file model_25.txt (compact mmCIF, C-alpha atoms)
# COMPACT_ATOMS: atom_id res chain seq x y z
CA MET A 4 0.00 0.00 0.00
CA SER A 5 1.34 3.43 -0.98
CA SER A 6 2.31 5.92 1.69
CA GLY A 7 0.91 9.46 1.81
CA PRO A 8 -2.55 11.01 2.19
CA ARG A 9 -5.51 8.70 1.65
CA ALA A 10 -7.03 11.10 -0.91
CA TYR A 11 -5.09 12.59 -3.80
CA LYS A 12 -5.62 14.11 -7.25
CA THR A 13 -4.01 13.22 -10.53
CA THR A 14 -4.57 13.51 -14.26
CA ALA A 15 -4.59 10.30 -16.25
CA VAL A 16 -5.30 8.71 -19.62
CA VAL A 17 -7.52 5.62 -19.67
CA LEU A 18 -5.57 2.77 -21.27
CA ARG A 19 -8.14 0.02 -20.81
CA GLY A 20 -10.92 -1.21 -18.60
CA ARG A 21 -12.55 -4.49 -17.69
CA THR A 22 -15.76 -5.35 -15.94
CA PHE A 23 -15.69 -6.31 -12.29
CA GLY A 24 -18.71 -7.54 -10.40
CA GLU A 25 -22.15 -6.29 -11.37
CA ALA A 26 -21.46 -2.59 -11.80
CA ASP A 27 -17.76 -1.84 -11.33
CA ARG A 28 -14.82 -1.52 -13.70
CA ILE A 29 -11.12 -2.04 -13.08
CA LEU A 30 -9.16 0.51 -15.07
CA THR A 31 -5.57 0.65 -16.21
CA LEU A 32 -4.56 4.31 -16.19
CA PHE A 33 -1.47 6.20 -17.23
CA SER A 34 -1.23 9.04 -14.74
CA THR A 35 0.94 12.08 -14.23
CA ALA A 36 1.40 11.20 -10.54
CA ARG A 37 2.28 7.51 -10.70
CA GLY A 38 2.63 6.51 -14.33
CA LYS A 39 0.82 3.25 -15.05
CA MET A 40 -1.58 2.15 -12.34
CA ASP A 41 -4.71 0.08 -11.82
CA ALA A 42 -7.77 1.49 -10.05
CA ILE A 43 -11.38 0.55 -9.48
CA ALA A 44 -14.30 2.73 -10.55
CA LYS A 45 -17.17 1.55 -8.38
CA GLY A 46 -20.62 1.70 -9.92
CA SER A 47 -19.27 3.18 -13.16
CA ARG A 48 -21.22 0.75 -15.34
CA ARG A 49 -24.53 2.05 -14.01
CA THR A 50 -26.14 4.49 -16.46
CA LYS A 51 -26.86 7.00 -13.69
CA SER A 52 -23.31 6.94 -12.33
CA HIS A 53 -21.49 10.28 -12.45
CA LEU A 54 -18.52 8.33 -13.84
CA ALA A 55 -20.45 6.82 -16.76
CA GLY A 56 -19.10 7.88 -20.15
CA ARG A 57 -16.07 9.66 -18.72
CA LEU A 58 -13.69 6.75 -18.34
CA GLU A 59 -13.58 5.62 -21.96
CA LEU A 60 -10.47 4.49 -23.84
CA GLY A 61 -8.07 7.35 -24.46
CA ASN A 62 -9.89 10.01 -22.47
CA GLU A 63 -7.70 12.30 -20.38
CA VAL A 64 -9.39 12.87 -17.03
CA ALA A 65 -8.76 14.80 -13.84
CA LEU A 66 -9.27 12.30 -11.03
CA THR A 67 -9.86 12.42 -7.32
CA MET A 68 -8.56 9.15 -5.92
CA HIS A 69 -8.75 7.34 -2.59
CA ARG A 70 -6.02 4.92 -1.63
CA GLY A 71 -7.35 1.41 -1.08
CA ARG A 72 -5.89 -1.73 0.40
CA ASN A 73 -5.44 -3.46 -2.97
CA LEU A 74 -6.63 -0.97 -5.57
CA ASP A 75 -7.02 2.78 -5.41
CA VAL A 76 -10.60 3.96 -5.91
CA VAL A 77 -11.78 6.56 -8.42
CA VAL A 78 -13.92 8.98 -6.40
CA SER A 79 -14.58 11.52 -9.16
CA ALA A 80 -13.56 12.13 -12.75
CA GLU A 81 -13.73 15.27 -14.85
CA ILE A 82 -12.88 15.16 -18.55
CA GLU A 83 -9.84 17.22 -19.49
CA ASN A 84 -9.68 16.04 -23.11
CA ALA A 85 -12.38 13.82 -24.59
CA TYR A 86 -10.19 12.03 -27.11
CA TRP A 87 -12.59 9.07 -27.21
CA GLN A 88 -15.24 10.93 -29.21
CA ASN A 89 -12.76 11.30 -32.10
CA LEU A 90 -11.42 7.75 -31.86
CA VAL A 91 -14.59 5.77 -32.60
CA ALA A 92 -13.94 5.62 -36.38
CA PRO A 93 -12.53 2.14 -37.10
CA GLU A 94 -9.05 3.12 -38.30
CA ARG A 95 -8.61 5.72 -35.58
CA TYR A 96 -9.69 3.21 -32.97
CA ALA A 97 -7.23 0.64 -34.35
CA ALA A 98 -4.36 3.14 -34.17
CA ALA A 99 -5.32 4.38 -30.70
CA ASN A 100 -5.76 0.85 -29.40
CA LEU A 101 -2.30 -0.04 -30.66
CA ILE A 102 -0.50 2.90 -29.05
CA VAL A 103 -2.21 2.46 -25.68
CA GLU A 104 -1.30 -1.24 -25.77
CA LEU A 105 2.34 -0.30 -26.35
CA VAL A 106 2.34 2.11 -23.41
CA ASP A 107 0.66 -0.53 -21.24
CA ALA A 108 3.11 -3.23 -22.33
CA PHE A 109 6.35 -1.24 -22.09
CA CYS A 110 5.79 0.89 -18.98
CA GLU A 111 6.24 -0.44 -15.45
CA PRO A 112 3.62 0.36 -12.78
CA ASP A 113 4.13 3.20 -10.31
CA LEU A 114 6.80 4.98 -12.33
CA ALA A 115 5.96 8.51 -13.44
CA LEU A 116 7.14 9.12 -17.01
CA PRO A 117 6.20 12.67 -18.01
CA GLU A 118 7.83 12.37 -21.44
CA VAL A 119 5.77 9.28 -22.25
CA TYR A 120 2.62 10.98 -20.92
CA ALA A 121 3.16 13.95 -23.24
CA LEU A 122 3.92 11.59 -26.14
CA LEU A 123 0.74 9.58 -25.49
CA THR A 124 -1.62 12.55 -25.23
CA GLY A 125 -0.07 14.18 -28.28
CA ALA A 126 -0.48 10.99 -30.31
CA LEU A 127 -4.12 10.53 -29.27
CA ARG A 128 -4.86 14.11 -30.23
CA ALA A 129 -3.19 13.67 -33.63
CA ILE A 130 -4.88 10.32 -34.31
CA GLY A 131 -8.29 11.84 -33.56
CA ARG A 132 -7.71 14.45 -36.25
CA SER A 133 -6.03 12.30 -38.90
CA ASP A 134 -7.48 10.82 -42.06
CA ASP A 135 -4.65 8.26 -42.08
CA PRO A 136 -4.14 7.53 -38.37
CA LEU A 137 -2.18 4.30 -38.74
CA ALA A 138 0.52 6.22 -40.58
CA LEU A 139 1.26 8.00 -37.28
CA VAL A 140 2.05 4.80 -35.37
CA PRO A 141 5.67 4.26 -36.53
CA ARG A 142 6.86 7.69 -35.30
CA PHE A 143 5.03 7.19 -32.00
CA SER A 144 6.61 3.74 -31.62
CA LEU A 145 10.12 5.02 -32.30
CA ARG A 146 9.70 8.01 -29.97
CA LEU A 147 8.35 5.68 -27.26
CA LEU A 148 11.42 3.45 -27.54
CA ASP A 149 13.58 6.57 -27.29
CA ALA A 150 11.76 7.83 -24.17
CA LEU A 151 12.32 4.44 -22.53
CA GLY A 152 16.00 4.25 -23.50
CA LEU A 153 15.41 1.42 -25.98
CA ALA A 154 15.75 3.23 -29.31
CA PRO A 155 18.64 2.13 -31.51
CA PRO A 156 21.22 4.55 -32.91
CA VAL A 157 19.94 5.91 -36.23
CA ASP A 158 23.22 7.35 -37.47
CA ALA A 159 25.74 4.64 -36.51
CA CYS A 160 26.13 0.90 -37.05
CA VAL A 161 24.93 -1.02 -33.99
CA LEU A 162 27.73 -3.55 -34.50
CA CYS A 163 30.85 -1.47 -35.22
CA GLY A 164 29.79 2.12 -34.60
CA ALA A 165 30.64 3.31 -38.13
CA SER A 166 28.56 6.19 -39.50
CA LEU A 167 25.40 5.34 -41.43
CA ILE A 168 24.95 8.87 -42.78
CA GLY A 169 24.44 8.71 -46.53
CA LYS A 170 24.56 4.90 -46.57
CA THR A 171 22.19 1.96 -46.83
CA ALA A 172 21.68 -0.19 -43.75
CA TRP A 173 20.03 -3.39 -42.66
CA LEU A 174 17.98 -4.26 -39.61
CA ASP A 175 19.63 -6.60 -37.11
CA GLN A 176 16.73 -7.61 -34.89
CA GLU A 177 18.94 -9.65 -32.57
CA GLN A 178 21.01 -6.57 -31.79
CA GLY A 179 17.95 -4.31 -31.78
CA GLY A 180 19.42 -1.85 -34.26
CA PHE A 181 20.76 -1.08 -37.72
CA GLY A 182 23.99 -2.30 -39.25
CA GLY A 183 26.10 -1.00 -42.12
CA GLU A 184 26.66 -3.04 -45.24
CA GLU A 185 30.23 -3.79 -44.12
CA CYS A 186 28.89 -5.74 -41.12
CA ARG A 187 26.19 -7.62 -42.94
CA VAL A 188 26.48 -11.40 -43.03
CA ALA A 189 26.06 -12.44 -46.66
CA TRP A 190 23.85 -15.44 -45.97
CA ARG A 191 21.52 -13.57 -43.66
CA GLU A 192 18.42 -12.34 -45.46
CA THR A 193 17.50 -9.12 -43.70
CA PRO A 194 15.45 -6.06 -44.70
CA VAL A 195 17.59 -3.41 -46.37
CA LEU A 196 16.92 0.27 -45.83
CA GLU A 197 18.06 2.49 -48.68
CA ARG A 198 19.65 5.87 -48.06
CA THR A 199 16.30 7.62 -48.42
CA ASP A 200 14.82 5.20 -45.87
CA MET A 201 17.60 5.95 -43.39
CA GLU A 202 17.04 9.69 -43.87
CA ASN A 203 13.37 9.09 -43.13
CA LEU A 204 14.26 7.03 -40.04
CA ARG A 205 16.40 9.86 -38.67
CA ALA A 206 13.62 12.36 -39.35
CA LEU A 207 11.11 10.16 -37.52
CA ALA A 208 13.46 9.95 -34.55
CA ALA A 209 13.80 13.74 -34.34
CA PRO A 210 12.05 15.31 -31.33
CA ARG A 211 8.86 17.29 -31.64
CA GLY A 212 9.48 20.79 -32.91
CA ASP A 213 12.69 19.87 -34.69
CA ALA A 214 12.71 21.34 -38.20
CA ALA A 215 13.95 18.01 -39.56
CA ALA A 216 11.20 15.93 -37.93
CA ALA A 217 8.96 13.75 -40.13
CA VAL A 218 5.55 12.34 -39.28
CA ARG A 219 5.16 9.52 -41.80
CA ALA A 220 7.40 6.53 -42.40
CA THR A 221 8.37 4.96 -45.68
CA PRO A 222 7.06 1.38 -46.03
CA ALA A 223 10.52 -0.10 -45.33
CA VAL A 224 11.00 2.05 -42.23
CA ALA A 225 7.50 1.25 -40.94
CA ARG A 226 8.27 -2.48 -41.22
CA ALA A 227 11.62 -2.04 -39.50
CA ILE A 228 10.11 -0.13 -36.57
CA GLU A 229 7.36 -2.72 -36.22
CA ALA A 230 10.03 -5.45 -36.12
CA LEU A 231 11.93 -3.56 -33.40
CA ILE A 232 8.76 -3.24 -31.32
CA ASN A 233 8.08 -6.95 -31.69
CA HIS A 234 11.69 -7.72 -30.73
CA HIS A 235 11.58 -5.70 -27.52
CA LEU A 236 8.14 -7.02 -26.55
CA GLY A 237 9.00 -10.59 -27.48
CA ARG A 238 5.72 -10.80 -29.40
CA ARG A 239 3.51 -8.92 -31.79
CA PRO A 240 1.08 -6.53 -30.05
CA LYS A 241 -2.44 -7.96 -29.97
CA ALA A 242 -3.81 -4.77 -31.50
CA GLY A 243 -1.33 -5.13 -34.35
CA ALA A 244 -3.45 -7.77 -36.06
CA HIS A 245 -6.46 -5.45 -36.10
CA ALA A 246 -4.36 -2.57 -37.39
CA ALA A 247 -2.91 -4.79 -40.12
CA GLU A 248 -6.39 -5.34 -41.56
CA PHE A 249 -6.54 -1.65 -42.44
CA ALA A 250 -2.92 -1.49 -43.56
CA GLY A 251 -3.57 -4.25 -46.10
CA LYS A 252 -0.94 -6.61 -44.68
call {"tool": "encode", "arguments": {"input": "model_25.txt", "output": "structure tokens"}}
result
Amino acid sequence: MSSGPRAYKTTAVVLRGRTFGEADRILTLFSTARGKMDAIAKGSRRTKSHLAGRLELGNEVALTMHRGRNLDVVVSAEIENAYWQNLVAPERYAAANLIVELVDAFCEPDLALPEVYALLTGALRAIGRSDDPLALVPRFSLRLLDALGLAPPVDACVLCGASLIGKTAWLDQEQGGFGGEECRVAWRETPVLERTDMENLRALAAPRGDAAAAVRATPAVARAIEALINHHLGRRPKAGAHAAEFAGK
């Protein structure tokens, strides 16, 4: 049980929820105060509950919480940003579901990560406005890996450290990064990224506001980033299969 006052306030994004008992829901939240956390919203499935409709996937809410023995309890919730209303279109929902799954899968409980929080809310906002929301997932994925210290170098060979600027490269999933042609094993069939792809990769990795930043990935770069995500997770995200239906894979 956490120390501190029994009641506290935090802002959080709803990552997922599941039914509990006759009228309750257990929520997985990504909060400013504690990072990822589980909480119970008692009575929230009742239509007359003041919580009904506020704790939907992706919504950013200002919460009053009460510390419980096993799970903290949501006492009240006020919508800060109703992202959910713009995420109900099928492709937007698929993209949003994928990014919240990645945050849920990669982030440890009770660890505040303000950079990831800003990345998540910015991505949900952008997805809710986009006509091609799945195209935004590769940049989000790469920036998430960077925020967690897992992103590979994008300008140097992961094997020998030689510069990749102006060169082709190949993805070495076992090393979790990109290798130069000099380090490539001839018999190993691996995806090759041309010079234009590597330029795109570096632009995707650029922080928000950087003049060189890019939003959309080339097909080869999108596949490489997806492979890196799968490598670090040890599996393909469950929401990836749904997203792939729209991507035509």
call {"tool": "closest_residue", "arguments": {"input": "model_25.txt", "among": "A:Gly131, A:Gly182, A:Gly71, A:Gly24", "to": "Ala98 of chain A", "atoms": "all atoms listed in the file"}}
result
A:Gly131
call {"tool": "residues_around", "arguments": {"input": "model_25.txt", "residues": "Asn84 of chain A", "least_positions_apart": "2", "cutoff": "12 Å", "atoms": "all atoms listed in the file", "output": "VMD selection string"}}
result
chain A and resid 14 to 17 57 to 65 80 to 82 86 to 89 124 to 125 127 to 128 131
call {"tool": "residues_around", "arguments": {"input": "model_25.txt", "residues": "Ala225 of chain A", "least_positions_apart": "2", "cutoff": "9 Å", "atoms": "all atoms listed in the file", "output": "VMD selection string"}}
result
chain A and resid 138 140 to 142 204 219 to 223 227 to 230
call {"tool": "closest_residue", "arguments": {"input": "model_25.txt", "among": "A:Cys186, A:Ala129, A:Val91, A:Leu32", "to": "Pro112 of chain A", "atoms": "all atoms listed in the file"}}
result
A:Leu32
call {"tool": "atom_distance", "arguments": {"input": "model_25.txt", "atom1": "atom CA of Leu162 of chain A", "atom2": "atom CA of Arg238 of chain A"}}
result
23.7 Å
call {"tool": "atom_distance", "arguments": {"input": "model_25.txt", "atom1": "atom CA of Thr13 of chain A", "atom2": "atom CA of Ile43 of chain A"}}
result
14.7 Å
call {"tool": "residues_near_point", "arguments": {"input": "model_25.txt", "point": "(12.7, 10.6, -40.7)", "cutoff": "10 Å", "atoms": "all atoms listed in the file", "output": "VMD selection string"}}
result
chain A and resid 142 157 199 to 209 215 to 221 224
call {"tool": "write_last_selection", "arguments": {"input": "model_25.txt", "atoms": "C-alpha atoms", "output": "compact mmCIF listing (two decimals), in the coordinates of the input"}}
result
# COMPACT_ATOMS: atom_id res chain seq x y z
CA ARG A 142 6.86 7.69 -35.30
CA VAL A 157 19.94 5.91 -36.23
CA THR A 199 16.30 7.62 -48.42
CA ASP A 200 14.82 5.20 -45.87
CA MET A 201 17.60 5.95 -43.39
CA GLU A 202 17.04 9.69 -43.87
CA ASN A 203 13.37 9.09 -43.13
CA LEU A 204 14.26 7.03 -40.04
CA ARG A 205 16.40 9.86 -38.67
CA ALA A 206 13.62 12.36 -39.35
CA LEU A 207 11.11 10.16 -37.52
CA ALA A 208 13.46 9.95 -34.55
CA ALA A 209 13.80 13.74 -34.34
CA ALA A 215 13.95 18.01 -39.56
CA ALA A 216 11.20 15.93 -37.93
CA ALA A 217 8.96 13.75 -40.13
CA VAL A 218 5.55 12.34 -39.28
CA ARG A 219 5.16 9.52 -41.80
CA ALA A 220 7.40 6.53 -42.40
CA THR A 221 8.37 4.96 -45.68
CA VAL A 224 11.00 2.05 -42.23
call {"tool": "atom_distance", "arguments": {"input": "model_25.txt", "atom1": "atom CA of Cys110 of chain A", "atom2": "atom CA of Lys39 of chain A"}}
result
6.8 Å
call {"tool": "closest_residue", "arguments": {"input": "model_25.txt", "among": "A:Ser133, A:Ser47, A:Thr31, A:Thr22", "to": "Val103 of chain A", "atoms": "all atoms listed in the file"}}
result
A:Thr31
call {"tool": "closest_residue", "arguments": {"input": "model_25.txt", "among": "A:Ala246, A:Leu122, A:Ala85, A:Cys160", "to": "Ser144 of chain A", "atoms": "only C-alpha atoms"}}
result
A:Leu122
call {"tool": "decode", "arguments": {"input": "model_25.txt", "residues": "segment 161-195 of chain A", "atoms": "C-alpha atoms", "output": "mmCIF file, in the first residue's frame"}}
result
data_model
loop_
_atom_site.group_PDB
_atom_site.id
_atom_site.type_symbol
_atom_site.label_atom_id
_atom_site.label_comp_id
_atom_site.auth_asym_id
_atom_site.auth_seq_id
_atom_site.Cartn_x
_atom_site.Cartn_y
_atom_site.Cartn_z
ATOM 1 C CA VAL A 161 24.931 -1.016 -33.990
ATOM 2 C CA LEU A 162 27.735 -3.549 -34.503
ATOM 3 C CA CYS A 163 30.848 -1.472 -35.216
ATOM 4 C CA GLY A 164 29.791 2.118 -34.603
ATOM 5 C CA ALA A 165 30.642 3.312 -38.128
ATOM 6 C CA SER A 166 28.564 6.187 -39.498
ATOM 7 C CA LEU A 167 25.403 5.343 -41.431
ATOM 8 C CA ILE A 168 24.947 8.866 -42.780
ATOM 9 C CA GLY A 169 24.440 8.706 -46.531
ATOM 10 C CA LYS A 170 24.557 4.898 -46.567
ATOM 11 C CA THR A 171 22.193 1.965 -46.828
ATOM 12 C CA ALA A 172 21.679 -0.195 -43.749
ATOM 13 C CA TRP A 173 20.029 -3.394 -42.658
ATOM 14 C CA LEU A 174 17.977 -4.264 -39.606
ATOM 15 C CA ASP A 175 19.634 -6.598 -37.111
ATOM 16 C CA GLN A 176 16.733 -7.609 -34.890
ATOM 17 C CA GLU A 177 18.935 -9.650 -32.566
ATOM 18 C CA GLN A 178 21.008 -6.566 -31.785
ATOM 19 C CA GLY A 179 17.951 -4.310 -31.784
ATOM 20 C CA GLY A 180 19.423 -1.847 -34.256
ATOM 21 C CA PHE A 181 20.763 -1.084 -37.718
ATOM 22 C CA GLY A 182 23.990 -2.303 -39.251
ATOM 23 C CA GLY A 183 26.096 -0.996 -42.121
ATOM 24 C CA GLU A 184 26.659 -3.042 -45.242
ATOM 25 C CA GLU A 185 30.231 -3.793 -44.118
ATOM 26 C CA CYS A 186 28.892 -5.735 -41.118
ATOM 27 C CA ARG A 187 26.188 -7.620 -42.936
ATOM 28 C CA VAL A 188 26.480 -11.398 -43.031
ATOM 29 C CA ALA A 189 26.061 -12.439 -46.659
ATOM 30 C CA TRP A 190 23.853 -15.440 -45.973
ATOM 31 C CA ARG A 191 21.515 -13.566 -43.658
ATOM 32 C CA GLU A 192 18.418 -12.343 -45.464
ATOM 33 C CA THR A 193 17.499 -9.120 -43.698
ATOM 34 C CA PRO A 194 15.453 -6.060 -44.703
ATOM 35 C CA VAL A 195 17.592 -3.413 -46.368
#
